[in-house]
>>> print(open('model_2.txt').read())   # compact mmCIF, C-alpha atoms
# COMPACT_ATOMS: atom_id res chain seq x y z
CA MET W 1293 0.00 0.00 0.00
CA SER W 1294 1.34 3.41 -0.99
CA ASN W 1295 2.08 5.86 1.79
CA ILE W 1296 1.01 8.72 -0.50
CA LEU W 1297 -2.15 8.78 -2.59
CA SER W 1298 -2.07 11.09 -5.59
CA GLU W 1299 -5.19 12.12 -7.49
CA LYS W 1300 -6.08 14.74 -10.08
CA ARG W 1301 -9.43 16.48 -9.83
CA GLY W 1302 -9.46 18.67 -12.90
CA PRO W 1303 -6.78 21.35 -12.43
CA VAL W 1304 -6.39 20.48 -8.73
CA GLY W 1305 -3.89 17.88 -7.57
CA LEU W 1306 -4.80 16.10 -4.31
CA LEU W 1307 -2.11 14.47 -2.15
CA THR W 1308 -3.16 12.27 0.78
CA ILE W 1309 -0.69 11.05 3.40
CA ASN W 1310 -1.87 7.48 3.80
CA ARG W 1311 -0.55 5.95 7.04
CA PRO W 1312 -3.70 5.98 9.20
CA LYS W 1313 -2.43 3.18 11.49
CA THR W 1314 0.39 5.50 12.63
CA LEU W 1315 -1.86 8.61 12.55
CA ASN W 1316 -0.04 9.52 9.33
CA ALA W 1317 3.29 9.89 11.10
CA ILE W 1318 6.05 10.41 8.57
CA ASP W 1319 9.29 8.50 8.16
CA VAL W 1320 12.02 8.86 5.54
CA ALA W 1321 10.33 6.50 3.06
CA THR W 1322 7.05 8.43 3.29
CA MET W 1323 8.84 11.74 2.84
CA HIS W 1324 10.56 10.48 -0.30
CA GLU W 1325 7.18 9.34 -1.68
CA LEU W 1326 5.59 12.70 -0.89
CA ASP W 1327 8.51 14.54 -2.47
CA ALA W 1328 8.12 12.52 -5.67
CA ALA W 1329 4.34 13.05 -5.76
CA LEU W 1330 4.75 16.80 -5.27
CA ALA W 1331 7.38 16.92 -8.02
CA ALA W 1332 5.00 15.14 -10.41
CA PHE W 1333 2.26 17.71 -9.78
CA GLU W 1334 4.74 20.57 -10.10
CA ALA W 1335 5.81 19.27 -13.51
CA ASP W 1336 2.22 18.71 -14.72
CA ASP W 1337 0.98 21.80 -16.58
CA GLY W 1338 -2.57 20.51 -16.12
CA VAL W 1339 -2.30 20.91 -12.34
CA HIS W 1340 -2.65 24.53 -11.24
CA VAL W 1341 -3.20 24.12 -7.48
CA ILE W 1342 -2.09 21.43 -5.00
CA VAL W 1343 -4.06 20.26 -1.95
CA ILE W 1344 -2.67 18.04 0.80
CA THR W 1345 -4.56 16.17 3.52
CA GLY W 1346 -4.29 13.08 5.72
CA ALA W 1347 -6.06 9.73 5.45
CA GLY W 1348 -8.76 8.94 7.98
CA GLU W 1349 -10.54 11.26 10.39
CA ARG W 1350 -8.04 11.38 13.26
CA ALA W 1351 -4.88 12.93 11.91
CA PHE W 1352 -3.36 15.15 9.25
CA VAL W 1353 0.19 14.30 10.32
CA ALA W 1354 0.72 13.30 13.96
CA GLY W 1355 4.44 14.08 13.63
CA GLY W 1356 7.59 12.16 12.86
CA ASP W 1357 7.60 8.40 13.27
CA ILE W 1358 8.84 8.16 16.87
CA ALA W 1359 9.79 4.49 16.60
CA ASP W 1360 12.01 5.36 13.66
CA LEU W 1361 13.49 8.36 15.45
CA ASP W 1362 14.31 6.21 18.49
CA SER W 1363 15.82 3.35 16.49
CA ARG W 1364 19.37 4.38 17.47
CA LYS W 1365 20.93 3.83 14.04
CA GLY W 1366 23.65 6.41 14.55
CA LEU W 1367 24.27 10.04 13.67
CA ALA W 1368 24.10 9.50 9.91
CA HIS W 1369 20.56 8.16 10.25
CA TYR W 1370 19.37 11.26 12.11
CA GLN W 1371 21.20 13.60 9.77
CA GLU W 1372 19.44 11.92 6.87
CA PHE W 1373 16.06 12.37 8.55
CA ALA W 1374 16.75 16.05 9.20
CA GLU W 1375 18.00 16.66 5.67
CA VAL W 1376 15.09 14.85 4.03
CA ILE W 1377 12.37 16.54 6.08
CA HIS W 1378 13.92 19.99 5.62
CA HIS W 1379 14.15 19.39 1.88
CA LEU W 1380 10.52 18.26 1.73
CA VAL W 1381 9.04 21.11 3.75
CA ASN W 1382 11.15 23.63 1.84
CA ARG W 1383 9.81 22.16 -1.42
CA PHE W 1384 6.26 22.96 -0.33
CA ASP W 1385 7.30 26.43 0.85
CA ASN W 1386 9.02 27.21 -2.46
CA CYS W 1387 6.46 25.57 -4.75
CA ASP W 1388 5.43 27.93 -7.57
CA LYS W 1389 1.89 26.54 -7.53
CA PRO W 1390 -0.53 27.49 -4.73
CA THR W 1391 -0.65 24.89 -1.96
CA LEU W 1392 -3.65 24.33 0.31
CA GLY W 1393 -3.93 22.16 3.41
CA ALA W 1394 -7.08 20.34 4.49
CA ILE W 1395 -5.95 19.80 8.09
CA ASN W 1396 -8.33 17.00 9.01
CA GLY W 1397 -7.10 16.11 12.51
CA TRP W 1398 -4.01 16.01 14.68
CA ALA W 1399 -1.22 18.16 13.23
CA LEU W 1400 1.60 17.81 15.70
CA GLY W 1401 5.35 18.25 15.36
CA GLY W 1402 6.15 17.69 11.71
CA GLY W 1403 2.44 18.07 10.90
CA THR W 1404 2.40 21.63 12.19
CA GLU W 1405 5.75 22.30 10.53
CA LEU W 1406 4.36 21.11 7.19
CA LEU W 1407 1.21 23.22 7.42
CA LEU W 1408 3.32 26.30 8.22
CA ALA W 1409 4.85 25.91 4.74
CA LEU W 1410 1.48 25.82 2.94
CA ASP W 1411 -0.11 28.90 1.40
CA ILE W 1412 -3.65 28.42 2.72
CA ARG W 1413 -4.76 26.18 5.60
CA LEU W 1414 -8.31 25.07 6.35
CA VAL W 1415 -8.59 23.07 9.56
CA ALA W 1416 -11.22 20.71 10.98
CA GLU W 1417 -12.94 22.15 14.03
CA GLU W 1418 -11.85 19.17 16.15
CA ALA W 1419 -8.20 19.30 15.10
CA LYS W 1420 -5.33 19.93 17.49
CA LEU W 1421 -2.05 21.59 16.53
CA GLY W 1422 1.23 21.91 18.35
CA LEU W 1423 4.96 21.42 18.54
CA PRO W 1424 5.38 18.88 21.36
CA GLU W 1425 9.02 17.98 20.59
CA ILE W 1426 10.26 19.48 23.87
CA THR W 1427 8.38 16.77 25.80
CA LEU W 1428 10.54 14.17 24.01
CA GLY W 1429 13.80 15.96 24.73
CA LEU W 1430 13.82 17.43 21.20
CA PHE W 1431 12.85 20.67 19.52
CA PRO W 1432 11.18 21.36 16.16
CA GLY W 1433 13.65 20.53 13.43
CA ALA W 1434 11.74 20.78 10.14
CA GLY W 1435 11.69 24.55 9.93
CA GLY W 1436 9.18 25.01 12.74
CA THR W 1437 11.39 27.14 14.97
CA GLN W 1438 11.87 29.68 12.17
CA ARG W 1439 8.54 29.65 10.36
CA LEU W 1440 6.43 29.88 13.51
CA ILE W 1441 8.23 32.97 14.83
CA ARG W 1442 7.64 34.66 11.47
CA GLN W 1443 3.91 33.89 11.44
CA ILE W 1444 2.62 34.48 14.99
CA PRO W 1445 3.66 36.72 17.91
CA LEU W 1446 7.10 35.75 19.19
CA CYS W 1447 5.97 35.33 22.81
CA ARG W 1448 3.22 32.87 21.80
CA ALA W 1449 5.60 30.97 19.52
CA LYS W 1450 8.05 30.57 22.39
CA GLU W 1451 5.30 29.46 24.77
CA LEU W 1452 4.13 26.78 22.34
CA MET W 1453 7.65 25.46 21.77
CA PHE W 1454 8.83 25.73 25.39
CA THR W 1455 5.76 23.92 26.82
CA GLY W 1456 4.85 21.58 23.96
CA ASP W 1457 1.20 22.49 24.56
CA GLN W 1458 -1.43 21.70 21.96
CA ILE W 1459 -3.87 24.31 20.72
CA SER W 1460 -7.36 24.03 19.26
CA ALA W 1461 -8.35 24.80 15.70
CA ALA W 1462 -10.08 27.97 16.92
CA GLU W 1463 -6.91 29.19 18.63
CA ALA W 1464 -4.82 28.34 15.56
CA VAL W 1465 -7.15 30.52 13.48
CA ALA W 1466 -7.01 33.34 16.06
CA LEU W 1467 -3.20 33.22 16.03
CA GLY W 1468 -3.08 33.31 12.24
CA MET W 1469 -1.68 29.79 11.81
CA CYS W 1470 -4.77 28.70 9.85
CA ASN W 1471 -7.26 30.55 7.65
CA ARG W 1472 -10.45 29.15 9.12
CA ALA W 1473 -11.98 26.20 10.95
CA VAL W 1474 -14.52 24.04 9.13
CA PRO W 1475 -16.71 21.11 10.24
CA ARG W 1476 -14.75 17.96 9.42
CA GLU W 1477 -17.46 16.56 7.15
CA ARG W 1478 -17.17 19.64 4.92
CA LEU W 1479 -13.42 20.20 5.19
CA LEU W 1480 -12.14 18.48 2.05
CA ASP W 1481 -15.04 19.70 -0.11
CA GLU W 1482 -14.49 23.31 1.00
CA THR W 1483 -10.75 23.06 0.49
CA LEU W 1484 -11.15 21.59 -2.99
CA ALA W 1485 -13.76 24.22 -3.87
CA LEU W 1486 -11.38 26.99 -2.82
CA ALA W 1487 -8.57 25.31 -4.77
CA ALA W 1488 -10.81 25.14 -7.85
CA ARG W 1489 -11.55 28.89 -7.59
CA ILE W 1490 -7.83 29.66 -7.43
CA ALA W 1491 -7.13 27.24 -10.30
CA GLU W 1492 -9.32 29.39 -12.57
CA LYS W 1493 -6.74 32.18 -12.36
CA SER W 1494 -3.69 32.53 -14.58
CA PRO W 1495 -1.03 29.93 -13.65
CA LEU W 1496 1.68 32.34 -14.78
CA VAL W 1497 0.40 35.19 -12.65
CA LEU W 1498 -0.05 32.91 -9.62
CA LYS W 1499 3.56 31.77 -10.01
CA LEU W 1500 4.92 35.30 -10.28
CA LEU W 1501 2.71 36.52 -7.44
CA LYS W 1502 3.95 33.72 -5.16
CA ARG W 1503 7.56 34.55 -6.01
CA THR W 1504 6.94 38.25 -5.33
CA LEU W 1505 5.44 37.50 -1.92
CA ARG W 1506 8.04 34.90 -0.96
CA HIS W 1507 11.10 36.91 -1.94
CA GLY W 1508 9.73 40.24 -0.78
CA LEU W 1509 9.03 38.93 2.72
CA GLU W 1510 12.75 38.60 3.40
CA MET W 1511 13.73 41.97 1.86
CA PRO W 1512 13.80 45.49 3.32
CA LEU W 1513 10.72 47.39 2.10
CA PRO W 1514 12.51 49.53 -0.55
CA ALA W 1515 14.07 46.43 -2.12
CA ALA W 1516 10.77 44.54 -1.92
CA LEU W 1517 8.92 47.35 -3.69
CA ALA W 1518 11.56 47.42 -6.44
CA HIS W 1519 11.17 43.64 -6.78
CA GLU W 1520 7.40 44.02 -7.06
CA GLN W 1521 7.82 46.68 -9.75
CA ALA W 1522 10.02 44.38 -11.82
CA MET W 1523 7.66 41.42 -11.43
CA ILE W 1524 4.52 43.36 -12.35
CA GLY W 1525 6.32 44.44 -15.51
CA LEU W 1526 6.61 40.77 -16.48
CA VAL W 1527 2.93 40.24 -15.71
CA LEU W 1528 1.76 43.23 -17.74
CA ASP W 1529 3.60 41.90 -20.78
CA SER W 1530 1.95 38.49 -20.58
CA ARG W 1531 -0.80 37.14 -22.82
CA ASP W 1532 -2.88 36.37 -19.73
CA ALA W 1533 -2.87 40.04 -18.66
CA HIS W 1534 -4.18 41.06 -22.08
CA GLU W 1535 -6.73 38.26 -21.99
CA GLY W 1536 -7.94 39.27 -18.53
CA CYS W 1537 -8.33 42.93 -19.50
CA ARG W 1538 -10.03 42.04 -22.79
CA ALA W 1539 -12.43 39.65 -21.03
CA PHE W 1540 -13.34 42.40 -18.56
CA LEU W 1541 -14.09 44.82 -21.38
CA ASP W 1542 -16.04 42.16 -23.30
CA LYS W 1543 -17.97 41.20 -20.14
CA ARG W 1544 -16.98 37.52 -20.40
CA LYS W 1545 -14.98 35.03 -18.37
CA ALA W 1546 -11.26 35.09 -19.03
CA ASP W 1547 -9.65 32.06 -20.65
CA PHE W 1548 -6.13 32.05 -19.26
CA SER W 1549 -3.40 30.10 -21.05
CA GLY W 1550 -0.60 30.46 -18.54
CA THR W 1551 1.55 32.52 -20.92
>>> encode(input="model_2.txt", output="structure tokens")
Amino acid sequence: MSNILSEKRGPVGLLTINRPKTLNAIDVATMHELDAALAAFEADDGVHVIVITGAGERAFVAGGDIADLDSRKGLAHYQEFAEVIHHLVNRFDNCDKPTLGAINGWALGGGTELLLALDIRLVAEEAKLGLPEITLGLFPGAGGTQRLIRQIPLCRAKELMFTGDQISAAEAVALGMCNRAVPRERLLDETLALAARIAEKSPLVLKLLKRTLRHGLEMPLPAALAHEQAMIGLVLDSRDAHEGCRAFLDKRKADFSGT
């Protein structure tokens, strides 16, 4: 049985982490599978938006596979785990296509770290999030220490990491870690519907917009504004910009080609 299920629903690619017996905990093999599945969707011009969720109703990703982490295979084993998970989460963060999470249950440790790298996050009302690594004598090591402090108030980020406490879906939304909480039975449908709305937009413009946001976030404001100016110049010269303007004037729906 594959650890990752991959499915195309029109222009939306759906990835499902499929290890429900371990609450979708991730090990190196699963991460390699997810990396390959993401790469396939990135290379597919027919996929405009990517959605990720977990199998079953209990967990999105309950974290790293603790049995694997405690297998005492030596430093090289743990370095490999750290390198592979950093590579994977960075791939989602740097993906040129919009990424959405349907956070259907527990998102702990690596699960929270993965969702922090997604563009938009819808979360089941019953879900719990957190970075409990400190309770295992560890700390977040898949980008969580750095992404969390850039997305929520520093004092709350420190409290979550120092205590290992879990938070509710409602608190995650209030903190800005997730976009909104949704009843579990509607979660995937709402996420896919939102993905489909985004997929109607120009793939080229979405790519350039994501790059503008991602790069600009790490720049001083004057440099970021200059970067935006250069990127919008590329957009204005595109066929899709002309198509969008012409469709507006013609009072019809735009037919974007991604060029």
>>> residues_around(input="model_2.txt", residues="W:Thr1322", least_positions_apart="3", cutoff="8 Å", atoms="only C-alpha atoms", output="PyMOL selection string")
chain W and resi 1295-1296+1318-1319+1325-1326
>>> atom_distance(input="model_2.txt", atom1="atom CA of W:Ala1354", atom2="atom CA of W:Gly1401")
6.9 Å
>>> residues_around(input="model_2.txt", residues="W:Phe1352", least_positions_apart="4", cutoff="10 Å", atoms="all atoms listed in the file", output="PyMOL selection string")
chain W and resi 1308-1312+1315-1317+1344-1348+1393-1400+1403-1404+1406-1407+1415-1416+1419-1421
>>> residues_around(input="model_2.txt", residues="stretch 1460-1474 of chain W", least_positions_apart="2", cutoff="8 Å", atoms="only C-alpha atoms", output="list in words")
Leu1408, Ile1412, Arg1413, Leu1414, Val1415, Ala1416, Glu1417, Glu1418, Ala1419, Lys1420, Leu1421, Gln1443, Ile1444, Pro1445, Gln1458, Arg1476, Arg1478 and Leu1479 of chain W
>>> closest_residue(input="model_2.txt", among="W:Arg1506, W:Lys1499, W:His1378, W:Lys1365", to="W:Gly1435", atoms="all atoms listed in the file")
W:His1378
>>> closest_residue(input="model_2.txt", among="W:Asn1386, W:Pro1475, W:Arg1544, W:Lys1493", to="W:Leu1505", atoms="all atoms listed in the file")
W:Asn1386
>>> closest_residue(input="model_2.txt", among="W:Thr1391, W:Leu1509, W:Pro1432, W:Ser1494", to="W:Ala1533", atoms="all atoms listed in the file")
W:Ser1494
>>> atom_distance(input="model_2.txt", atom1="atom CA of W:Pro1303", atom2="atom CA of W:Val1497")
15.6 Å
>>> residues_around(input="model_2.txt", residues="stretch 1327-1331 of chain W", least_positions_apart="4", cutoff="8 Å", atoms="all atoms listed in the file", output="ChimeraX atom specification")
/W:1296,1298,1307,1323,1335,1380,1383
>>> closest_residue(input="model_2.txt", among="W:Ala1374, W:Leu1486, W:Leu1446, W:Ala1351", to="W:Thr1314", atoms="all atoms listed in the file")
W:Ala1351
>>> residues_around(input="model_2.txt", residues="stretch 1514-1528 of chain W", least_positions_apart="6", cutoff="8 Å", atoms="all atoms listed in the file", output="short mmCIF file (atom, residue, chain, number, x, y, z; two decimals) with C-alpha atoms, keeping the file's coordinate frame")
data_model
loop_
_atom_site.label_atom_id
_atom_site.label_comp_id
_atom_site.auth_asym_id
_atom_site.auth_seq_id
_atom_site.Cartn_x
_atom_site.Cartn_y
_atom_site.Cartn_z
CA VAL W 1497 0.40 35.19 -12.65
CA LEU W 1500 4.92 35.30 -10.28
CA THR W 1504 6.94 38.25 -5.33
CA HIS W 1507 11.10 36.91 -1.94
CA GLY W 1508 9.73 40.24 -0.78
CA HIS W 1534 -4.18 41.06 -22.08
#
>>> atom_distance(input="model_2.txt", atom1="atom CA of W:Val1343", atom2="atom CA of W:Leu1306")
4.8 Å
>>> closest_residue(input="model_2.txt", among="W:Leu1428, W:Ala1434, W:Leu1392, W:Leu1484", to="W:Gln1371", atoms="all atoms listed in the file")
W:Ala1434
>>> build_atoms(input="model_2.txt", residues="stretch 1323-1348 of chain W", atoms="N, CA and C atoms", output="PDB file, in the coordinates of the input")
ATOM      1  N   MET W1323       8.429  10.415   3.313  1.00  0.00           N
ATOM      2  CA  MET W1323       8.840  11.740   2.840  1.00  0.00           C
ATOM      3  C   MET W1323       9.349  11.672   1.410  1.00  0.00           C
ATOM      4  N   HIS W1324      10.096  10.626   1.075  1.00  0.00           N
ATOM      5  CA  HIS W1324      10.560  10.480  -0.300  1.00  0.00           C
ATOM      6  C   HIS W1324       9.382  10.303  -1.259  1.00  0.00           C
ATOM      7  N   GLU W1325       8.377   9.524  -0.851  1.00  0.00           N
ATOM      8  CA  GLU W1325       7.180   9.340  -1.680  1.00  0.00           C
ATOM      9  C   GLU W1325       6.448  10.660  -1.884  1.00  0.00           C
ATOM     10  N   LEU W1326       6.299  11.425  -0.796  1.00  0.00           N
ATOM     11  CA  LEU W1326       5.590  12.700  -0.890  1.00  0.00           C
ATOM     12  C   LEU W1326       6.358  13.684  -1.754  1.00  0.00           C
ATOM     13  N   ASP W1327       7.665  13.687  -1.645  1.00  0.00           N
ATOM     14  CA  ASP W1327       8.510  14.540  -2.470  1.00  0.00           C
ATOM     15  C   ASP W1327       8.305  14.218  -3.946  1.00  0.00           C
ATOM     16  N   ALA W1328       8.296  12.931  -4.279  1.00  0.00           N
ATOM     17  CA  ALA W1328       8.120  12.520  -5.670  1.00  0.00           C
ATOM     18  C   ALA W1328       6.728  12.886  -6.192  1.00  0.00           C
ATOM     19  N   ALA W1329       5.707  12.721  -5.347  1.00  0.00           N
ATOM     20  CA  ALA W1329       4.340  13.050  -5.760  1.00  0.00           C
ATOM     21  C   ALA W1329       4.182  14.551  -5.975  1.00  0.00           C
ATOM     22  N   LEU W1330       4.787  15.341  -5.096  1.00  0.00           N
ATOM     23  CA  LEU W1330       4.750  16.800  -5.270  1.00  0.00           C
ATOM     24  C   LEU W1330       5.465  17.195  -6.551  1.00  0.00           C
ATOM     25  N   ALA W1331       6.621  16.601  -6.802  1.00  0.00           N
ATOM     26  CA  ALA W1331       7.380  16.920  -8.020  1.00  0.00           C
ATOM     27  C   ALA W1331       6.564  16.613  -9.272  1.00  0.00           C
ATOM     28  N   ALA W1332       5.807  15.514  -9.248  1.00  0.00           N
ATOM     29  CA  ALA W1332       5.000  15.140 -10.410  1.00  0.00           C
ATOM     30  C   ALA W1332       3.911  16.192 -10.667  1.00  0.00           C
ATOM     31  N   PHE W1333       3.284  16.675  -9.606  1.00  0.00           N
ATOM     32  CA  PHE W1333       2.260  17.710  -9.780  1.00  0.00           C
ATOM     33  C   PHE W1333       2.888  19.032 -10.212  1.00  0.00           C
ATOM     34  N   GLU W1334       4.070  19.340  -9.694  1.00  0.00           N
ATOM     35  CA  GLU W1334       4.740  20.570 -10.100  1.00  0.00           C
ATOM     36  C   GLU W1334       5.064  20.552 -11.588  1.00  0.00           C
ATOM     37  N   ALA W1335       5.418  19.394 -12.105  1.00  0.00           N
ATOM     38  CA  ALA W1335       5.810  19.270 -13.510  1.00  0.00           C
ATOM     39  C   ALA W1335       4.615  19.141 -14.449  1.00  0.00           C
ATOM     40  N   ASP W1336       3.419  18.938 -13.917  1.00  0.00           N
ATOM     41  CA  ASP W1336       2.220  18.710 -14.720  1.00  0.00           C
ATOM     42  C   ASP W1336       1.538  20.059 -14.986  1.00  0.00           C
ATOM     43  N   ASP W1337       1.580  20.514 -16.233  1.00  0.00           N
ATOM     44  CA  ASP W1337       0.980  21.800 -16.580  1.00  0.00           C
ATOM     45  C   ASP W1337      -0.534  21.795 -16.403  1.00  0.00           C
ATOM     46  N   GLY W1338      -1.130  20.609 -16.321  1.00  0.00           N
ATOM     47  CA  GLY W1338      -2.570  20.510 -16.120  1.00  0.00           C
ATOM     48  C   GLY W1338      -2.991  20.710 -14.669  1.00  0.00           C
ATOM     49  N   VAL W1339      -2.027  20.685 -13.757  1.00  0.00           N
ATOM     50  CA  VAL W1339      -2.300  20.910 -12.340  1.00  0.00           C
ATOM     51  C   VAL W1339      -1.916  22.341 -11.995  1.00  0.00           C
ATOM     52  N   HIS W1340      -2.893  23.117 -11.548  1.00  0.00           N
ATOM     53  CA  HIS W1340      -2.650  24.530 -11.240  1.00  0.00           C
ATOM     54  C   HIS W1340      -2.541  24.784  -9.739  1.00  0.00           C
ATOM     55  N   VAL W1341      -3.172  23.946  -8.933  1.00  0.00           N
ATOM     56  CA  VAL W1341      -3.200  24.120  -7.480  1.00  0.00           C
ATOM     57  C   VAL W1341      -3.029  22.748  -6.843  1.00  0.00           C
ATOM     58  N   ILE W1342      -2.360  22.699  -5.687  1.00  0.00           N
ATOM     59  CA  ILE W1342      -2.090  21.430  -5.000  1.00  0.00           C
ATOM     60  C   ILE W1342      -2.701  21.464  -3.600  1.00  0.00           C
ATOM     61  N   VAL W1343      -3.443  20.418  -3.278  1.00  0.00           N
ATOM     62  CA  VAL W1343      -4.060  20.260  -1.950  1.00  0.00           C
ATOM     63  C   VAL W1343      -3.441  19.055  -1.274  1.00  0.00           C
ATOM     64  N   ILE W1344      -3.185  19.167   0.033  1.00  0.00           N
ATOM     65  CA  ILE W1344      -2.670  18.040   0.800  1.00  0.00           C
ATOM     66  C   ILE W1344      -3.521  17.811   2.029  1.00  0.00           C
ATOM     67  N   THR W1345      -3.776  16.540   2.349  1.00  0.00           N
ATOM     68  CA  THR W1345      -4.560  16.170   3.520  1.00  0.00           C
ATOM     69  C   THR W1345      -4.036  14.851   4.063  1.00  0.00           C
ATOM     70  N   GLY W1346      -4.670  14.359   5.130  1.00  0.00           N
ATOM     71  CA  GLY W1346      -4.290  13.080   5.720  1.00  0.00           C
ATOM     72  C   GLY W1346      -5.408  12.064   5.587  1.00  0.00           C
ATOM     73  N   ALA W1347      -5.058  10.794   5.544  1.00  0.00           N
ATOM     74  CA  ALA W1347      -6.060   9.730   5.450  1.00  0.00           C
ATOM     75  C   ALA W1347      -6.741   9.548   6.807  1.00  0.00           C
ATOM     76  N   GLY W1348      -8.018   9.182   6.753  1.00  0.00           N
ATOM     77  CA  GLY W1348      -8.760   8.940   7.980  1.00  0.00           C
ATOM     78  C   GLY W1348      -9.288  10.232   8.591  1.00  0.00           C
TER      79      GLY W1348
END
